[in-house]
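Heads up: the structure comes next, in structure tokens.
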Amino acid sequence: ESIRVKGITNPLLVQTSRKAIIAGFTRHEIAIEGEFTQVPIRWLDVDDDEAADIAAIDNTKRADLNPIDETEMVVSILQRKLKFASAALTIAFLHQAAHAKEQTGNNVIPTETIEFATETIRQFTKGGMSLTSFVKNKLKLLNLPENILDSVRSGELHYTKAAAISTLDDPSRQELLDRSIEEGLSVREVKAEVAKIKPPKAKADKPTTELPVKVIAARQEDNLDRNLTVWAPVPDS
């Protein structure tokens with residue numbers, strides 16, 4: 001409302017070479033809807049990589065940025081920066097990096113690569129999450145069922161509740177999802193309901209599921225070097 005009264009005072013950031021908006025899309029839409037004749041613009045002489053970083057930083061300031069979009073954004077940034085061929089490889093790297101960070105004598109992933117990922121996650125997540133926390137709490141959100149994903153994206157459901165509900169099968173999952181939204185159940189209440197529906201299994205020895213780096217590398221797409229370790233960037237052409 002203040003924009004409609006006072007006009008747009010915060011300039012749109014525009015890349016000089018492409019004449020494309022980097023940041024300020026919402027203000028641009030408001031200007032069009034309000035039939036403004038002029039808006040302030042700040043021209044930036046930056047390359048595409050720098051423009052993408054600026055756009056990402058601006059994105060983190062959005063009040064409506066949901067955990068799913070935030071997670072996808074971080075994965076996309078790391079994929080671009082480390083030059084992975086796909087988001088799947090980036091996610092595999094993050095799991096391996098988080099594991100390596102907790103181990104002593106890690107000689108698989110260079111320390112500087114792990115620290116780069118750690119700093120990127122801290123910079124582009126609300127609250128400055130750690131690598132371990134991001135992998136443990138955010139990456140798994142990308143595997144949520146579609147109906148739960150939609151509820152998290154819309155802001156109806158907190159991601160911590162979503163993770164608990166997703167462990168159920170339908171129709172119980174949908175029923176608890178609806179109840180959580182309609183009744184505003186807390187995380188503790190959601191977990192209690194999950195426990196009633198799905199009692200915990202007896203503890204057993206946890207099998208080793210982590211794949212060696214060489215095995216992960218062997219599963220990479222055909223256009224990648226088969227000897228490439230999971231963390232290594234794809235070389236420039």
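We name chains A, B, ... following the order of the structure tokens; residues begin at 1 in each chain, and ligands are numbered from 1 as shown.
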As number ranges by chain, please: every residue in range 76-214 of chain A that DSSP puts in helix (DSSP H, G or I).
A: 76-82, 87-102, 111-124, 131-143, 146-154, 159-165, 172-183, 187-197, 213-214
Using only C-alpha atoms, what does the table of range 142-167 of chain A residues within 7 Å of range 185-191 of chain A look like, with each row giving the shortest atom pair and its distance in Å to one decimal, sorted by chain and ascending number, as CSV?
residue,atom,partner,partner_atom,distance
A:Thr160,CA,A:Val187,CA,6.8
A:Lys161,CA,A:Val187,CA,5.4
A:Ala164,CA,A:Lys191,CA,6.2
Output for the residues just chosen: N, CA, C and O atoms as a compact mmCIF listing (two decimals), in the first residue's frame:
# COMPACT_ATOMS: atom_id res chain seq x y z
N THR A 160 8.81 -28.97 9.71
CA THR A 160 9.10 -29.99 10.72
C THR A 160 7.90 -30.93 10.91
O THR A 160 8.07 -32.12 11.18
N LYS A 161 6.70 -30.41 10.76
CA LYS A 161 5.50 -31.24 10.81
C LYS A 161 5.41 -32.11 9.55
O LYS A 161 5.03 -33.28 9.61
N ALA A 164 7.42 -35.34 9.67
CA ALA A 164 6.81 -36.40 10.49
C ALA A 164 5.63 -37.04 9.78
O ALA A 164 5.50 -38.27 9.74
Exercise: Leu78 in chain A partners within 12 Å, only C-alpha atoms, chain neighbours under 2 positions left out, as a ChimeraX atom specification
/A:49,52-53,56,71-76,80-94,113-114,116-121,123-124,231-233
What would the file look like if the residues just selected were written as a PDB file, in the first residue's frame with C-alpha atoms?
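Result file follows (part-v4.pdb):
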ATOM      1  CA  ASP A  49      27.257 -15.712 -12.366  1.00  0.00           C
ATOM      2  CA  ALA A  52      22.626 -15.049 -10.187  1.00  0.00           C
ATOM      3  CA  ASP A  53      24.301 -14.501  -6.802  1.00  0.00           C
ATOM      4  CA  ALA A  56      19.726 -15.322  -4.781  1.00  0.00           C
ATOM      5  CA  THR A  71      16.375 -25.603  -0.324  1.00  0.00           C
ATOM      6  CA  GLU A  72      16.027 -25.785  -4.099  1.00  0.00           C
ATOM      7  CA  MET A  73      17.732 -22.401  -4.390  1.00  0.00           C
ATOM      8  CA  VAL A  74      20.742 -23.502  -2.314  1.00  0.00           C
ATOM      9  CA  VAL A  75      21.102 -26.730  -4.299  1.00  0.00           C
ATOM     10  CA  SER A  76      20.914 -24.718  -7.526  1.00  0.00           C
ATOM     11  CA  ARG A  80      26.221 -23.774 -10.546  1.00  0.00           C
ATOM     12  CA  LYS A  81      29.231 -22.870  -8.422  1.00  0.00           C
ATOM     13  CA  LEU A  82      30.723 -26.362  -8.320  1.00  0.00           C
ATOM     14  CA  LYS A  83      29.651 -27.089 -11.903  1.00  0.00           C
ATOM     15  CA  PHE A  84      27.801 -30.309 -11.240  1.00  0.00           C
ATOM     16  CA  ALA A  85      25.771 -31.689 -14.140  1.00  0.00           C
ATOM     17  CA  SER A  86      22.575 -32.156 -12.124  1.00  0.00           C
ATOM     18  CA  ALA A  87      20.824 -31.393  -8.863  1.00  0.00           C
ATOM     19  CA  ALA A  88      21.017 -35.104  -8.001  1.00  0.00           C
ATOM     20  CA  LEU A  89      24.815 -35.025  -8.079  1.00  0.00           C
ATOM     21  CA  THR A  90      24.827 -31.861  -5.988  1.00  0.00           C
ATOM     22  CA  ILE A  91      22.638 -33.522  -3.365  1.00  0.00           C
ATOM     23  CA  ALA A  92      24.885 -36.617  -3.367  1.00  0.00           C
ATOM     24  CA  PHE A  93      27.879 -34.350  -2.798  1.00  0.00           C
ATOM     25  CA  LEU A  94      26.161 -32.586   0.124  1.00  0.00           C
ATOM     26  CA  THR A 113      35.379 -27.607  -0.935  1.00  0.00           C
ATOM     27  CA  ILE A 114      33.506 -28.562   2.225  1.00  0.00           C
ATOM     28  CA  PHE A 116      32.836 -23.478   0.502  1.00  0.00           C
ATOM     29  CA  ALA A 117      29.608 -25.480   0.688  1.00  0.00           C
ATOM     30  CA  THR A 118      29.281 -24.698   4.399  1.00  0.00           C
ATOM     31  CA  GLU A 119      29.664 -20.951   3.840  1.00  0.00           C
ATOM     32  CA  THR A 120      27.272 -20.962   0.870  1.00  0.00           C
ATOM     33  CA  ILE A 121      24.582 -22.679   2.929  1.00  0.00           C
ATOM     34  CA  GLN A 123      24.856 -17.253   3.486  1.00  0.00           C
ATOM     35  CA  PHE A 124      21.755 -18.326   1.574  1.00  0.00           C
ATOM     36  CA  TRP A 231      32.699 -33.627  -5.099  1.00  0.00           C
ATOM     37  CA  ALA A 232      34.824 -32.564  -8.053  1.00  0.00           C
ATOM     38  CA  PRO A 233      33.522 -29.765 -10.311  1.00  0.00           C
TER      39      PRO A 233
END
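With only C-alpha atoms as the atoms that count, the minimum distance from Thr37 in chain A to the choices A:Ile8, A:Ile68, A:Val108, A:Val194 is reached by A:Ile8.
Note that the spacing between CA of Asn147 in chain A and CA of Gly184 in chain A amounts to 17.3 Å.
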Please tabulate, as a Markdown table, the residues of range 39-67 of chain A that come within 9 Å of range 16-28 of chain A, each with its closest pair of atoms and the distance in Å to one decimal, counting only C-alpha atoms and ordering rows by chain, then residue number upward.
| residue | atom | partner | partner_atom | distance |
| --- | --- | --- | --- | --- |
| A:Val39 | CA | A:His28 | CA | 8.1 |
| A:Trp43 | CA | A:Thr16 | CA | 5.6 |
| A:Leu44 | CA | A:Thr16 | CA | 5.6 |
| A:Asp45 | CA | A:Thr16 | CA | 5.3 |
| A:Val46 | CA | A:Thr16 | CA | 7.4 |
| A:Asp47 | CA | A:Ser17 | CA | 8.0 |
| A:Ala51 | CA | A:Ile22 | CA | 6.2 |
| A:Ala52 | CA | A:Ile22 | CA | 7.5 |
| A:Ile54 | CA | A:Ile22 | CA | 7.0 |
| A:Ala55 | CA | A:Ile22 | CA | 5.4 |
| A:Ala56 | CA | A:Ala23 | CA | 8.7 |
| A:Asp58 | CA | A:Ala23 | CA | 6.3 |
| A:Asn59 | CA | A:Ala23 | CA | 8.0 |
With all heavy atoms kept, could you save the residues just selected as a compact mmCIF listing (two decimals), in the first residue's frame?
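And here is the file that came out, again.txt:
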# COMPACT_ATOMS: atom_id res chain seq x y z
N VAL A 39 9.94 4.01 -12.92
CA VAL A 39 10.44 3.33 -11.72
C VAL A 39 11.95 3.54 -11.68
O VAL A 39 12.62 3.62 -12.72
CB VAL A 39 10.13 1.82 -11.72
CG1 VAL A 39 8.65 1.55 -11.61
CG2 VAL A 39 10.71 1.14 -12.95
N TRP A 43 21.58 0.19 -12.75
CA TRP A 43 22.23 -0.67 -13.72
C TRP A 43 23.49 -1.30 -13.10
O TRP A 43 24.29 -0.60 -12.48
CB TRP A 43 22.61 0.12 -14.97
CG TRP A 43 21.44 0.66 -15.71
CD1 TRP A 43 20.87 1.89 -15.57
CD2 TRP A 43 20.67 -0.03 -16.69
NE1 TRP A 43 19.80 2.01 -16.40
CE2 TRP A 43 19.65 0.85 -17.11
CE3 TRP A 43 20.74 -1.31 -17.27
CZ2 TRP A 43 18.71 0.49 -18.07
CZ3 TRP A 43 19.81 -1.66 -18.22
CH2 TRP A 43 18.80 -0.77 -18.63
N LEU A 44 23.63 -2.59 -13.27
CA LEU A 44 24.80 -3.31 -12.73
C LEU A 44 25.58 -3.98 -13.86
O LEU A 44 25.03 -4.77 -14.63
CB LEU A 44 24.35 -4.37 -11.72
CG LEU A 44 23.60 -3.87 -10.47
CD1 LEU A 44 23.23 -5.05 -9.58
CD2 LEU A 44 24.44 -2.87 -9.70
N ASP A 45 26.85 -3.65 -13.93
CA ASP A 45 27.72 -4.24 -14.93
C ASP A 45 28.33 -5.52 -14.37
O ASP A 45 29.48 -5.54 -13.91
CB ASP A 45 28.81 -3.24 -15.33
CG ASP A 45 29.64 -3.73 -16.51
OD1 ASP A 45 29.19 -4.68 -17.18
OD2 ASP A 45 30.74 -3.17 -16.74
N VAL A 46 27.56 -6.59 -14.38
CA VAL A 46 27.99 -7.87 -13.79
C VAL A 46 27.77 -8.99 -14.79
O VAL A 46 26.94 -8.89 -15.70
CB VAL A 46 27.21 -8.18 -12.49
CG1 VAL A 46 27.52 -7.17 -11.40
CG2 VAL A 46 25.69 -8.20 -12.75
N ASP A 47 28.55 -10.07 -14.62
CA ASP A 47 28.35 -11.23 -15.50
C ASP A 47 27.18 -12.07 -14.98
O ASP A 47 26.59 -11.77 -13.94
CB ASP A 47 29.63 -12.05 -15.62
CG ASP A 47 30.12 -12.61 -14.29
OD1 ASP A 47 29.29 -12.83 -13.38
OD2 ASP A 47 31.34 -12.84 -14.15
N ALA A 51 25.27 -12.01 -11.37
CA ALA A 51 23.85 -11.65 -11.38
C ALA A 51 23.01 -12.69 -10.65
O ALA A 51 22.10 -12.36 -9.88
CB ALA A 51 23.35 -11.50 -12.82
N ALA A 52 23.35 -13.97 -10.86
CA ALA A 52 22.63 -15.05 -10.19
C ALA A 52 22.83 -14.99 -8.68
O ALA A 52 21.89 -15.24 -7.90
CB ALA A 52 23.08 -16.40 -10.73
N ILE A 54 23.44 -12.24 -6.89
CA ILE A 54 22.69 -11.08 -6.40
C ILE A 54 21.21 -11.42 -6.30
O ILE A 54 20.54 -11.08 -5.32
CB ILE A 54 22.90 -9.86 -7.31
CG1 ILE A 54 24.36 -9.40 -7.24
CG2 ILE A 54 21.96 -8.72 -6.94
CD1 ILE A 54 24.73 -8.37 -8.28
N ALA A 55 20.70 -12.11 -7.32
CA ALA A 55 19.29 -12.51 -7.31
C ALA A 55 18.99 -13.45 -6.15
O ALA A 55 17.95 -13.34 -5.49
CB ALA A 55 18.93 -13.19 -8.64
N ALA A 56 19.92 -14.37 -5.88
CA ALA A 56 19.73 -15.32 -4.78
C ALA A 56 19.72 -14.61 -3.43
O ALA A 56 18.90 -14.91 -2.55
CB ALA A 56 20.81 -16.39 -4.82
N ASP A 58 18.92 -11.52 -2.86
CA ASP A 58 17.66 -10.77 -2.78
C ASP A 58 16.51 -11.70 -2.44
O ASP A 58 15.59 -11.35 -1.70
CB ASP A 58 17.40 -10.06 -4.11
CG ASP A 58 16.17 -9.16 -4.06
OD1 ASP A 58 16.23 -8.11 -3.38
OD2 ASP A 58 15.15 -9.51 -4.70
N ASN A 59 16.58 -12.92 -2.96
CA ASN A 59 15.52 -13.90 -2.72
C ASN A 59 15.42 -14.29 -1.25
O ASN A 59 14.33 -14.53 -0.73
CB ASN A 59 15.81 -15.16 -3.57
CG ASN A 59 14.54 -15.77 -4.13
OD1 ASN A 59 13.50 -15.12 -4.19
ND2 ASN A 59 14.63 -17.01 -4.53
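Note that CA of Ile165 in chain A and CA of Glu70 in chain A are 20.5 Å apart.
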Can you work out which one of A:Ile197, A:Ala98, A:Ile32, A:Leu141 has the shortest atom-to-atom distance to Arg173 in chain A, counting only C-alpha atoms?
A:Ile197
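With only C-alpha atoms as the atoms that count, the residue of A:Arg42, A:Thr60, A:Glu35, A:Ile77 with the shortest distance to Gly128 in chain A is A:Thr60.
Close contacts of Tyr159 in chain A, defined as residues with an atom at most 10 Å away when counting only C-alpha atoms, with chain neighbours fewer than 3 positions off set aside, comprise Asn66, Pro67, Ile68, Asn137, Lys138, Leu141, Leu144, Ile148, Leu149, Ser151, Val152, Arg153, Gly155, Glu156, Ala162, Ala163, Ala164, Ile165 and Val187 of chain A.
Note that the spacing between CA of Ser172 in chain A and CA of Ala192 in chain A amounts to 13.6 Å.
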